[in-house]
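Undergrad: What follows is a single structure, and I will ask about it in a moment.
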Amino acid sequence: MQFRPAGAVIFLLISHAASALAAEETPLVSTLHSPSEHIKQPEKKLPAETITVTASRINLLGNATTAAQGTITEKELRLRPAYRVGELLESIPGLVVTTHSGEGKANQFLMRGFNLDHGTDLASFIDDIPINEVTHAHGQGYTDLNFLIPEMMGTIDYTKGPFNAAIGDFGVAGSDRIHLIKDMPTMISGSVDTFGNERLVTGGTAHFHNGDKLVGAFETDHADGPWKYPDNFRAIKSIARYLHGNGTNGFDLTGMYYRGQWRATNDQPLPAVQQKLIGPYGSLDPTDGGFTERYSLSGHYRFGDDRQKWVTSFYVDHSRLSLWNNFTHFLIDPANGDQFQQDETRTKIGGTQSYTRSDMLFSSLPTETTFGIDGRYDTIYIDRRHTSQRVVLSTCPDSPFGGGLYVCNADDVQEGRVAGYVQNTTRWMPWLRTVTGLREEYYDGKDHSLVTGFYGHVGQLLFQPKGSLIFGPWNKTELYLSAGRGFHSNDLRGVVGTFSGDRFTGGSVQTPVMTKAVSEEIGIRSTPLRHLNTQLSFWRIDFDSELIYDPDEGINESGPPSRRQGIEFSAQYNPLPWLELNTDIAYSHARYRTHDPEHYGIGGTHIANAPNMIWSFGALIDNGGPWFGGLQVRWLGAYPLLEDNSLRSKGYREVNLDVGYRFNKKLKLTVSLFNLSNSHDDAIEYGYEYRITPTAKAVTGKTFHPLEPISARFALTLTL
């Protein structure tokens, strides 16, 4: 059943508009600055008419470990246009967030020459819960951010490269930590758009006499999109937080719930459109889609003083997921089609403990040291079934030995890890400091195939040294030299060889639990002009083995070693108190390091879907009066679709715009325009083998998922 609550909400808000418009208007103080918890700045009382605009990314000169590290402020997230919640991560320089499927599925991420698939090598945390999933039904590192409520998002701390000892699995390309807000005014907001997408969100804060707070929000969504077969995405989300004390002494508890279901228009073969079997927004299999549900409880306990600080965190997270995908159409089973169903039920528990103290080395050198441990344990049930229009079939023609009855493969996986780390920052001179870190990680996993009866158990220990040498600041300029080792974990089924080809019987392990990567970076952070902050970095990443997705088995397996290297530049400029301009440009070169690519089953040394250029330009406007808004221009450069570079994508360009008007301090209207230039580019393209009809010839060709055409969204928000 479709539900369309936003129309009723808009009517409710308009009914309050007359009284809101009649209310006495008061001057608004605008700020583009909302520092993260660990960066403290003195509070300043401002005159009522003063407008203060600071950088959307906090200036970390004198405190950062690398030039590519940063913090995105809450204000930028509020002003930045975003079609879907995951796109707010595009505020991280050089990161592209796109999609190749329905609205409920995890996004595609691209950064530093990586096709990060659904999240591999970009470690994501929300309220310190690791979001990347290990040994996932659809792909290693799967990162689903659809449960987030944008109004509950605070600052985002991000890193590039494996140089932070507190970050382990999936953090080689980078990491992002999304902090949830601590306070929210009572509000209700409803939106509708020209695609039939609707959204309702309400939230607020209860303040108690002892200073404690209860912050909560609830959201309901419906989205169809421009597709011939509407997504009919339906979701409910809720987040509640209880906070006691402050950032140094206190605790907080956070509960989150999310449920969504949808139909998906996956990437489609280009010949199907050329032969007019489908239109550009059509699908060869309109029964693709998915269902997901997630609930979690997390918390922190903090105590300390100016010299030392203890922080303890924990989380318990349970989720389930079903996906129906038909990527190759009639390649494997011309009679029934190639749709398969991936199911997963997962419970993960974990937490961290850190102790940070500040001292004076040799009585004169300021030094700060953090000791920490973190751990995680996942219990996972995964299966894959051959389906036709979501009806399970009895056979699995694409699985070794035919799979089981009505199931291609099914696994009971237990996977855990524990890590200890230490990181020290010492200021040897006013112009010289060092950041050194060590991390020791131990992974252990067990996999029991419920189809074949095979049982595998494997463990691995990995030592990860990291370090940075920082010179400056001189004339508001710092130079960074960094190096470190990181890793990503691999799908445990591919590691123990549960059902993968000649490793099916449990032969020698060819895929490690943790694949090592080594990275180096040279960076510069500078403020050459007043109100202009710049960052420049030269980087390289060498992986021992690249992950390659096996669509037949639905898992990632190890491929050849790889090397990526590139240059990144970012700048933020405030020419006027109410205006910020920012730009990011990233160039990368990605290749496999092998003289025999055929040994790995690939035809060349190009890394598929690794973009060589990413550029963005943005403007944030807030004059403290009625008008506010944001502009975002994004360009994803060309990239190869096949390893021999015989098939390529030109990438895409997109322009998004937000224009907002405050009628007074209680009521505002925001109009969002997406794909303002009405680009007909594709959001993502792939190259693989498929058959578009039961009798067609099997070909290796291009598949695509188009950008949504130009659309408009109207949101009315009432703050009580």
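Order determines the names: the first chain of the structure tokens is A, the second B, and so forth; residues in each chain are numbered 1 upward, and ligands are numbered 1 upward as they are shown.
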With a distance cut-off of 7 Å and only C-alpha atoms, select the neighbouring residues of segment 631-640 of chain A, excluding the residue or stretch itself and same-chain residues fewer than 2 positions from it, and output the selection as a list in words.
TA: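 Counting only the stated atoms, we get Pro81, His606, Ala608, Asn609, Ala610, Pro611, Asn612, Met613, Ile614, Trp615, Ser616, Phe617, Gly618, Ala619, Leu620, Leu642, Asn645, Leu647, Arg648, Ser649, Lys650, Gly651, Tyr652, Arg653, Glu654, Val655, Asn656, Leu657 and Asp658 of chain A.
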Undergrad: Near segment 480-487 of chain A, counting only C-alpha atoms, which residues have an atom at most 6 Å away, once you skip same-chain residues fewer than 3 positions from it, shown as a PyMOL selection string?
TA: chain A and resi 66+162-163+169+172+464-470+515-523
Undergrad: Restricting the calculation to only C-alpha atoms: of A:Gly260, A:Gly203, A:Pro512, A:Pro130, which residue gets closest to Arg241 of chain A?
TA: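 Once distances to Arg241 of chain A are computed over only C-alpha atoms, the minimum belongs to A:Gly203.
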Undergrad: Choose the residue, out of A:Thr367, A:Thr379, A:Thr670, A:Thr292, that has the smallest atom-to-atom separation from Phe628 of chain A; count only C-alpha atoms.
TA: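 The closest residue to Phe628 of chain A is A:Thr670.
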